[in-house]
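Enquirer: Please see the structure below; I have some questions.
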Amino acid sequence: MTRQRLMVALKRVYEEPEPGDGTRVLVERLWPRGFSKKRARVDLWLKEIAPSSELRRWYGHDPEKFAEFRSRYETELASETGQAALAHLRELAKQGPVTLVFAAHDVEHANAVVLHDLLL
């Protein structure tokens with residue numbers, strides 16, 4: 001059985017969409033402040049795959065907490081809801097390119113990075 005290579009990219013919501021983005025999925029619990037849905041041009045807002053509000057507040061985008069954030073986030077994603085959301089993303093990626101759209105300024109320490117790693 002051959003394993004299908006999934007094409008999953010990361011992009012901040014503030015970056016211009018490109019044709020190669022494929023299906024654009026917003027992976028944030030909160031809509032990016034000051035950004036219209038038309039301007040964001042996302043195909044799907046998958047709130048249930050985002051970190052819980054409690055985890056997001058605890059993390060506070062502190063790079064020194066990223067390893068622990070990753071561990072706690074992966075625990076959240078192991079839930080039934082998290083697994084269903086991950087399965088949905090995998091199915092989308094099997095159909096074509098997927099871009100995980102996120103709002104964090106730090107592109108190396110965002111929840112989308114964890115999702116990207118899990119999907120690939």
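How things are named: the first chain in the structure tokens is A, the next is B, and so on; residues count from 1 in each chain; ligands count from 1 in the order shown.
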Please provide the set of residues having any atom within 9 Å of Arg12 (chain A), restricted to only C-alpha atoms, with same-chain residues fewer than 5 positions apart removed, written as a list in words.
Expert: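 Answer for this query is Leu100, Val101, Phe102, Ala103, Ala104, His105 and Val107 of chain A.
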Enquirer: Keeping only all heavy atoms, write the selected residues to a file as a PDB file, in the first residue's frame.
Expert:
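And here is the file that came out, selection.pdb:
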ATOM      1  N   LEU A 100      -3.163  25.903   6.187  1.00  0.00           N
ATOM      2  CA  LEU A 100      -3.638  26.200   7.532  1.00  0.00           C
ATOM      3  C   LEU A 100      -3.402  27.683   7.776  1.00  0.00           C
ATOM      4  O   LEU A 100      -2.262  28.151   7.777  1.00  0.00           O
ATOM      5  CB  LEU A 100      -2.898  25.359   8.565  1.00  0.00           C
ATOM      6  CG  LEU A 100      -2.948  23.847   8.357  1.00  0.00           C
ATOM      7  CD1 LEU A 100      -2.137  23.138   9.443  1.00  0.00           C
ATOM      8  CD2 LEU A 100      -4.376  23.340   8.323  1.00  0.00           C
ATOM      9  N   VAL A 101      -4.488  28.417   7.954  1.00  0.00           N
ATOM     10  CA  VAL A 101      -4.422  29.864   8.117  1.00  0.00           C
ATOM     11  C   VAL A 101      -4.536  30.189   9.604  1.00  0.00           C
ATOM     12  O   VAL A 101      -5.404  29.654  10.299  1.00  0.00           O
ATOM     13  CB  VAL A 101      -5.561  30.540   7.319  1.00  0.00           C
ATOM     14  CG1 VAL A 101      -5.519  32.050   7.481  1.00  0.00           C
ATOM     15  CG2 VAL A 101      -5.468  30.154   5.840  1.00  0.00           C
ATOM     16  N   PHE A 102      -3.634  31.043  10.083  1.00  0.00           N
ATOM     17  CA  PHE A 102      -3.602  31.391  11.504  1.00  0.00           C
ATOM     18  C   PHE A 102      -3.278  32.861  11.668  1.00  0.00           C
ATOM     19  O   PHE A 102      -2.843  33.516  10.724  1.00  0.00           O
ATOM     20  CB  PHE A 102      -2.586  30.517  12.248  1.00  0.00           C
ATOM     21  CG  PHE A 102      -1.170  30.695  11.777  1.00  0.00           C
ATOM     22  CD1 PHE A 102      -0.293  31.497  12.480  1.00  0.00           C
ATOM     23  CD2 PHE A 102      -0.717  30.062  10.620  1.00  0.00           C
ATOM     24  CE1 PHE A 102       1.014  31.676  12.044  1.00  0.00           C
ATOM     25  CE2 PHE A 102       0.579  30.229  10.180  1.00  0.00           C
ATOM     26  CZ  PHE A 102       1.448  31.036  10.895  1.00  0.00           C
ATOM     27  N   ALA A 103      -3.496  33.395  12.869  1.00  0.00           N
ATOM     28  CA  ALA A 103      -3.324  34.825  13.108  1.00  0.00           C
ATOM     29  C   ALA A 103      -2.067  35.183  13.901  1.00  0.00           C
ATOM     30  O   ALA A 103      -1.676  36.346  13.915  1.00  0.00           O
ATOM     31  CB  ALA A 103      -4.546  35.379  13.844  1.00  0.00           C
ATOM     32  N   ALA A 104      -1.433  34.238  14.547  1.00  0.00           N
ATOM     33  CA  ALA A 104      -0.283  34.535  15.409  1.00  0.00           C
ATOM     34  C   ALA A 104       0.836  35.221  14.620  1.00  0.00           C
ATOM     35  O   ALA A 104       1.071  34.920  13.452  1.00  0.00           O
ATOM     36  CB  ALA A 104       0.248  33.253  16.039  1.00  0.00           C
ATOM     37  N   HIS A 105       1.533  36.135  15.285  1.00  0.00           N
ATOM     38  CA  HIS A 105       2.656  36.831  14.661  1.00  0.00           C
ATOM     39  C   HIS A 105       3.884  35.929  14.560  1.00  0.00           C
ATOM     40  O   HIS A 105       4.643  36.029  13.612  1.00  0.00           O
ATOM     41  CB  HIS A 105       3.001  38.106  15.443  1.00  0.00           C
ATOM     42  CG  HIS A 105       1.917  39.122  15.393  1.00  0.00           C
ATOM     43  ND1 HIS A 105       1.659  39.893  14.286  1.00  0.00           N
ATOM     44  CD2 HIS A 105       0.988  39.471  16.310  1.00  0.00           C
ATOM     45  CE1 HIS A 105       0.630  40.681  14.521  1.00  0.00           C
ATOM     46  NE2 HIS A 105       0.201  40.448  15.748  1.00  0.00           N
ATOM     47  N   VAL A 107       5.466  32.809  13.620  1.00  0.00           N
ATOM     48  CA  VAL A 107       5.128  31.692  12.732  1.00  0.00           C
ATOM     49  C   VAL A 107       5.790  30.370  13.147  1.00  0.00           C
ATOM     50  O   VAL A 107       5.430  29.323  12.640  1.00  0.00           O
ATOM     51  CB  VAL A 107       5.479  32.007  11.263  1.00  0.00           C
ATOM     52  CG1 VAL A 107       4.674  33.188  10.760  1.00  0.00           C
ATOM     53  CG2 VAL A 107       6.956  32.271  11.089  1.00  0.00           C
TER      54      VAL A 107
END
Enquirer: Excluding region 50-67 of chain A and residues on its chain fewer than 5 positions from it, collect all residues at most 10 Å away from it, counting only C-alpha atoms, and give them as a list in words.
Expert: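 Listing them by chain and then by number gives Leu26, Val27, Glu28, Arg29, Leu30, Trp45, Arg72, Tyr73, Glu74, Glu76, Leu77, Gly82, Ala85, Phe102, Ala104, His105, Asp106, Glu108, His109, Ala110, Asn111, Ala112, Val114 and Leu115 of chain A.
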Enquirer: Please identify all polymer residues within 10 Å of region 23-25 of chain A, counting only C-alpha atoms, omitting same-chain residues fewer than 2 positions from it, and present them as an NGL selection string.
Expert: :A and (8-11 or 13 or 17-21 or 27-28 or 40-47 or 89 or 92-93 or 95-102)
Enquirer: Keeping N, CA and C atoms for every residue in the selection just given, could you write it to a file as a CSV table (one decimal), in the first residue's frame?
Expert:
chain,number,residue,atom,x,y,z
A,8,VAL,N,0.4,20.2,2.8
A,8,VAL,CA,-0.2,21.1,3.8
A,8,VAL,C,0.8,22.3,4.1
A,9,ALA,N,0.3,23.5,3.9
A,9,ALA,CA,1.1,24.7,4.1
A,9,ALA,C,0.6,25.5,5.2
A,10,LEU,N,1.4,26.4,5.6
A,10,LEU,CA,1.0,27.4,6.7
A,10,LEU,C,1.1,28.8,6.2
A,11,LYS,N,0.1,29.6,6.6
A,11,LYS,CA,0.1,31.0,6.1
A,11,LYS,C,-0.6,31.8,7.2
A,13,VAL,N,-3.0,34.8,8.3
A,13,VAL,CA,-4.2,35.3,7.7
A,13,VAL,C,-3.9,36.7,7.0
A,17,PRO,N,-3.8,35.7,-0.1
A,17,PRO,CA,-4.0,34.3,-0.6
A,17,PRO,C,-3.5,34.2,-2.0
A,18,GLU,N,-3.1,33.0,-2.4
A,18,GLU,CA,-2.5,32.7,-3.7
A,18,GLU,C,-3.3,31.5,-4.2
A,19,PRO,N,-3.3,31.3,-5.5
A,19,PRO,CA,-4.0,30.2,-6.1
A,19,PRO,C,-3.5,28.8,-5.7
A,20,GLY,N,-2.2,28.7,-5.4
A,20,GLY,CA,-1.6,27.5,-4.9
A,20,GLY,C,-2.0,27.1,-3.5
A,21,ASP,N,-2.7,28.0,-2.8
A,21,ASP,CA,-3.0,27.7,-1.4
A,21,ASP,C,-4.0,26.5,-1.3
A,27,VAL,N,-7.6,28.0,11.5
A,27,VAL,CA,-7.4,27.1,12.6
A,27,VAL,C,-7.3,27.8,13.9
A,28,GLU,N,-8.1,28.9,14.1
A,28,GLU,CA,-8.2,29.7,15.2
A,28,GLU,C,-9.5,29.6,15.9
A,40,ALA,N,-10.3,37.7,4.4
A,40,ALA,CA,-9.6,36.6,4.9
A,40,ALA,C,-9.6,35.5,3.8
A,41,ARG,N,-10.7,35.4,3.1
A,41,ARG,CA,-10.8,34.4,2.0
A,41,ARG,C,-10.4,33.0,2.5
A,42,VAL,N,-11.1,32.6,3.5
A,42,VAL,CA,-10.9,31.2,4.0
A,42,VAL,C,-12.1,30.4,3.5
A,43,ASP,N,-11.8,29.1,3.3
A,43,ASP,CA,-12.9,28.2,2.8
A,43,ASP,C,-13.6,27.5,3.9
A,44,LEU,N,-12.9,27.4,5.1
A,44,LEU,CA,-13.5,26.7,6.2
A,44,LEU,C,-12.9,27.3,7.5
A,45,TRP,N,-13.7,27.5,8.5
A,45,TRP,CA,-13.2,27.9,9.8
A,45,TRP,C,-13.4,26.8,10.7
A,46,LEU,N,-12.4,26.1,11.1
A,46,LEU,CA,-12.4,24.9,11.9
A,46,LEU,C,-12.0,25.2,13.3
A,47,LYS,N,-13.0,25.9,14.0
A,47,LYS,CA,-12.8,26.3,15.4
A,47,LYS,C,-12.4,25.2,16.3
A,89,LEU,N,-9.4,17.4,8.5
A,89,LEU,CA,-8.2,18.1,7.8
A,89,LEU,C,-7.5,17.1,6.9
A,92,LEU,N,-9.4,16.6,3.7
A,92,LEU,CA,-9.3,17.7,2.8
A,92,LEU,C,-7.9,17.7,2.1
A,93,ALA,N,-6.9,17.3,2.9
A,93,ALA,CA,-5.5,17.3,2.3
A,93,ALA,C,-5.4,16.2,1.3
A,95,GLN,N,-7.6,15.4,-0.8
A,95,GLN,CA,-8.2,15.9,-2.1
A,95,GLN,C,-7.4,17.0,-2.8
A,96,GLY,N,-6.4,17.6,-2.1
A,96,GLY,CA,-5.6,18.6,-2.8
A,96,GLY,C,-4.9,19.4,-1.7
A,97,PRO,N,-4.2,20.4,-2.1
A,97,PRO,CA,-3.4,21.3,-1.2
A,97,PRO,C,-4.3,21.9,-0.2
A,98,VAL,N,-3.8,22.0,1.1
A,98,VAL,CA,-4.5,22.7,2.2
A,98,VAL,C,-3.5,23.7,2.8
A,99,THR,N,-4.0,24.9,3.1
A,99,THR,CA,-3.3,25.9,3.8
A,99,THR,C,-3.9,26.1,5.1
A,100,LEU,N,-3.2,25.9,6.2
A,100,LEU,CA,-3.6,26.2,7.5
A,100,LEU,C,-3.4,27.7,7.8
A,101,VAL,N,-4.5,28.4,8.0
A,101,VAL,CA,-4.4,29.9,8.1
A,101,VAL,C,-4.5,30.2,9.6
A,102,PHE,N,-3.6,31.0,10.1
A,102,PHE,CA,-3.6,31.4,11.5
A,102,PHE,C,-3.3,32.9,11.7
Enquirer: Which of chain A end up as strand (DSSP E) when DSSP is run on this backbone - answer as an mmCIF file with C-alpha atoms, in the first residue's frame?
Expert:
data_model
loop_
_atom_site.group_PDB
_atom_site.id
_atom_site.type_symbol
_atom_site.label_atom_id
_atom_site.label_comp_id
_atom_site.auth_asym_id
_atom_site.auth_seq_id
_atom_site.Cartn_x
_atom_site.Cartn_y
_atom_site.Cartn_z
ATOM 1 C CA VAL A 8 -0.198 21.112 3.846
ATOM 2 C CA ALA A 9 1.135 24.662 4.055
ATOM 3 C CA LEU A 10 1.034 27.376 6.708
ATOM 4 C CA LYS A 11 0.117 30.999 6.130
ATOM 5 C CA ARG A 12 -0.761 33.931 8.342
ATOM 6 C CA THR A 23 -8.334 24.890 0.535
ATOM 7 C CA ARG A 24 -7.721 27.607 3.111
ATOM 8 C CA VAL A 25 -8.655 26.519 6.646
ATOM 9 C CA LEU A 26 -8.663 28.985 9.543
ATOM 10 C CA LEU A 44 -13.463 26.698 6.216
ATOM 11 C CA TRP A 45 -13.236 27.947 9.792
ATOM 12 C CA VAL A 98 -4.513 22.685 2.150
ATOM 13 C CA THR A 99 -3.254 25.858 3.778
ATOM 14 C CA LEU A 100 -3.638 26.200 7.532
ATOM 15 C CA VAL A 101 -4.422 29.864 8.117
ATOM 16 C CA PHE A 102 -3.602 31.391 11.504
#
Enquirer: Which one of A:Tyr14, A:Ala84, A:Glu48, A:Leu6 sits closest to Arg33 (chain A) if you count only C-alpha atoms?
Expert: A:Tyr14
Enquirer: Using CA of Met7 (chain A) and CA of Leu119 (chain A) as the two end points, give the distance in Å to one decimal.
Expert: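 Taking CA of Met7 (chain A) as the start and CA of Leu119 (chain A) as the end point, the length is 9.4 Å.
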Enquirer: Find the distance between CA of Ser71 (chain A) and CA of Gln83 (chain A) and write it in Å to one decimal.
Expert: 15.3 Å
Enquirer: Could you please determine the separation between CA of Ala87 (chain A) and CA of Asp117 (chain A) in Å, to one decimal place?
Expert: 14.0 Å
Enquirer: Which of region 25-103 of chain A end up as alpha helix (DSSP H) when DSSP is run on this backbone - answer as a short mmCIF file (atom, residue, chain, number, x, y, z; two decimals) with N, CA and C atoms, in the first residue's frame?
Expert:
data_model
loop_
_atom_site.label_atom_id
_atom_site.label_comp_id
_atom_site.auth_asym_id
_atom_site.auth_seq_id
_atom_site.Cartn_x
_atom_site.Cartn_y
_atom_site.Cartn_z
N LYS A 37 -14.46 38.61 6.72
CA LYS A 37 -14.47 37.27 6.14
C LYS A 37 -14.12 37.32 4.66
N LYS A 38 -14.55 38.37 4.00
CA LYS A 38 -14.24 38.53 2.58
C LYS A 38 -12.73 38.70 2.38
N ARG A 39 -12.12 39.50 3.21
CA ARG A 39 -10.68 39.76 3.09
C ARG A 39 -9.85 38.53 3.46
N ALA A 40 -10.31 37.75 4.43
CA ALA A 40 -9.56 36.57 4.87
C ALA A 40 -9.56 35.47 3.81
N SER A 53 -9.64 27.82 25.00
CA SER A 53 -9.40 29.18 25.49
C SER A 53 -8.46 29.17 26.68
N GLU A 54 -8.62 28.18 27.57
CA GLU A 54 -7.75 28.09 28.75
C GLU A 54 -6.30 27.86 28.36
N LEU A 55 -6.06 26.95 27.41
CA LEU A 55 -4.70 26.68 26.97
C LEU A 55 -4.12 27.89 26.25
N ARG A 56 -4.91 28.53 25.43
CA ARG A 56 -4.45 29.70 24.70
C ARG A 56 -4.04 30.81 25.66
N ARG A 57 -4.87 31.05 26.70
CA ARG A 57 -4.53 32.08 27.69
C ARG A 57 -3.26 31.71 28.47
N TRP A 58 -3.14 30.43 28.87
CA TRP A 58 -1.96 30.00 29.61
C TRP A 58 -0.69 30.21 28.78
N TYR A 59 -0.76 29.81 27.52
CA TYR A 59 0.40 29.89 26.63
C TYR A 59 0.81 31.34 26.36
N PHE A 66 6.55 26.93 24.52
CA PHE A 66 6.04 26.22 23.34
C PHE A 66 6.08 24.70 23.47
N ALA A 67 7.15 24.15 24.01
CA ALA A 67 7.24 22.68 24.15
C ALA A 67 6.11 22.16 25.03
N GLU A 68 5.84 22.82 26.14
CA GLU A 68 4.75 22.41 27.02
C GLU A 68 3.40 22.67 26.35
N PHE A 69 3.29 23.78 25.62
CA PHE A 69 2.06 24.08 24.87
C PHE A 69 1.78 22.95 23.88
N ARG A 70 2.81 22.55 23.14
CA ARG A 70 2.65 21.47 22.15
C ARG A 70 2.12 20.21 22.83
N SER A 71 2.69 19.84 23.95
CA SER A 71 2.28 18.64 24.67
C SER A 71 0.82 18.74 25.12
N ARG A 72 0.46 19.88 25.71
CA ARG A 72 -0.92 20.07 26.19
C ARG A 72 -1.91 20.12 25.02
N TYR A 73 -1.50 20.75 23.92
CA TYR A 73 -2.36 20.87 22.75
C TYR A 73 -2.58 19.49 22.11
N GLU A 74 -1.53 18.70 22.03
CA GLU A 74 -1.66 17.34 21.49
C GLU A 74 -2.59 16.50 22.36
N THR A 75 -2.55 16.73 23.67
CA THR A 75 -3.48 16.04 24.58
C THR A 75 -4.91 16.45 24.26
N GLU A 76 -5.14 17.74 24.05
CA GLU A 76 -6.48 18.19 23.67
C GLU A 76 -6.93 17.58 22.35
N LEU A 77 -6.01 17.50 21.41
CA LEU A 77 -6.34 16.95 20.09
C LEU A 77 -6.59 15.44 20.12
N GLU A 80 -12.07 13.09 21.38
CA GLU A 80 -12.93 12.68 20.26
C GLU A 80 -13.14 13.84 19.28
N THR A 81 -13.39 15.02 19.81
CA THR A 81 -13.60 16.20 18.96
C THR A 81 -12.34 16.54 18.19
N GLY A 82 -11.20 16.50 18.86
CA GLY A 82 -9.92 16.79 18.22
C GLY A 82 -9.59 15.80 17.13
N GLN A 83 -9.83 14.51 17.39
CA GLN A 83 -9.56 13.48 16.40
C GLN A 83 -10.47 13.64 15.17
N ALA A 84 -11.72 13.99 15.41
CA ALA A 84 -12.65 14.20 14.29
C ALA A 84 -12.20 15.38 13.43
N ALA A 85 -11.75 16.46 14.08
CA ALA A 85 -11.29 17.64 13.35
C ALA A 85 -10.02 17.33 12.56
N LEU A 86 -9.10 16.57 13.17
CA LEU A 86 -7.88 16.17 12.46
C LEU A 86 -8.21 15.28 11.26
N ALA A 87 -9.15 14.37 11.44
CA ALA A 87 -9.57 13.50 10.34
C ALA A 87 -10.16 14.32 9.20
N HIS A 88 -10.93 15.34 9.55
CA HIS A 88 -11.50 16.23 8.54
C HIS A 88 -10.38 16.92 7.75
N LEU A 89 -9.38 17.43 8.45
CA LEU A 89 -8.25 18.08 7.77
C LEU A 89 -7.49 17.09 6.88
N ARG A 90 -7.30 15.88 7.36
CA ARG A 90 -6.59 14.86 6.56
C ARG A 90 -7.36 14.56 5.27
N GLU A 91 -8.68 14.45 5.39
CA GLU A 91 -9.51 14.19 4.21
C GLU A 91 -9.41 15.33 3.21
N LEU A 92 -9.44 16.55 3.70
CA LEU A 92 -9.29 17.70 2.80
C LEU A 92 -7.93 17.65 2.10
N ALA A 93 -6.88 17.32 2.85
CA ALA A 93 -5.52 17.28 2.30
C ALA A 93 -5.36 16.15 1.28
N LYS A 94 -6.12 15.09 1.41
CA LYS A 94 -6.07 13.99 0.43
C LYS A 94 -6.67 14.44 -0.90
N GLN A 95 -7.56 15.42 -0.85
CA GLN A 95 -8.23 15.91 -2.06
C GLN A 95 -7.41 16.96 -2.80
#
Enquirer: Which residue, A:Ile49, A:Gly22, A:Glu16, A:Phe35, has the smallest gap to His116 (chain A) when you use only C-alpha atoms?
Expert: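 That would be A:Ile49, the residue with the smallest distance to His116 (chain A).
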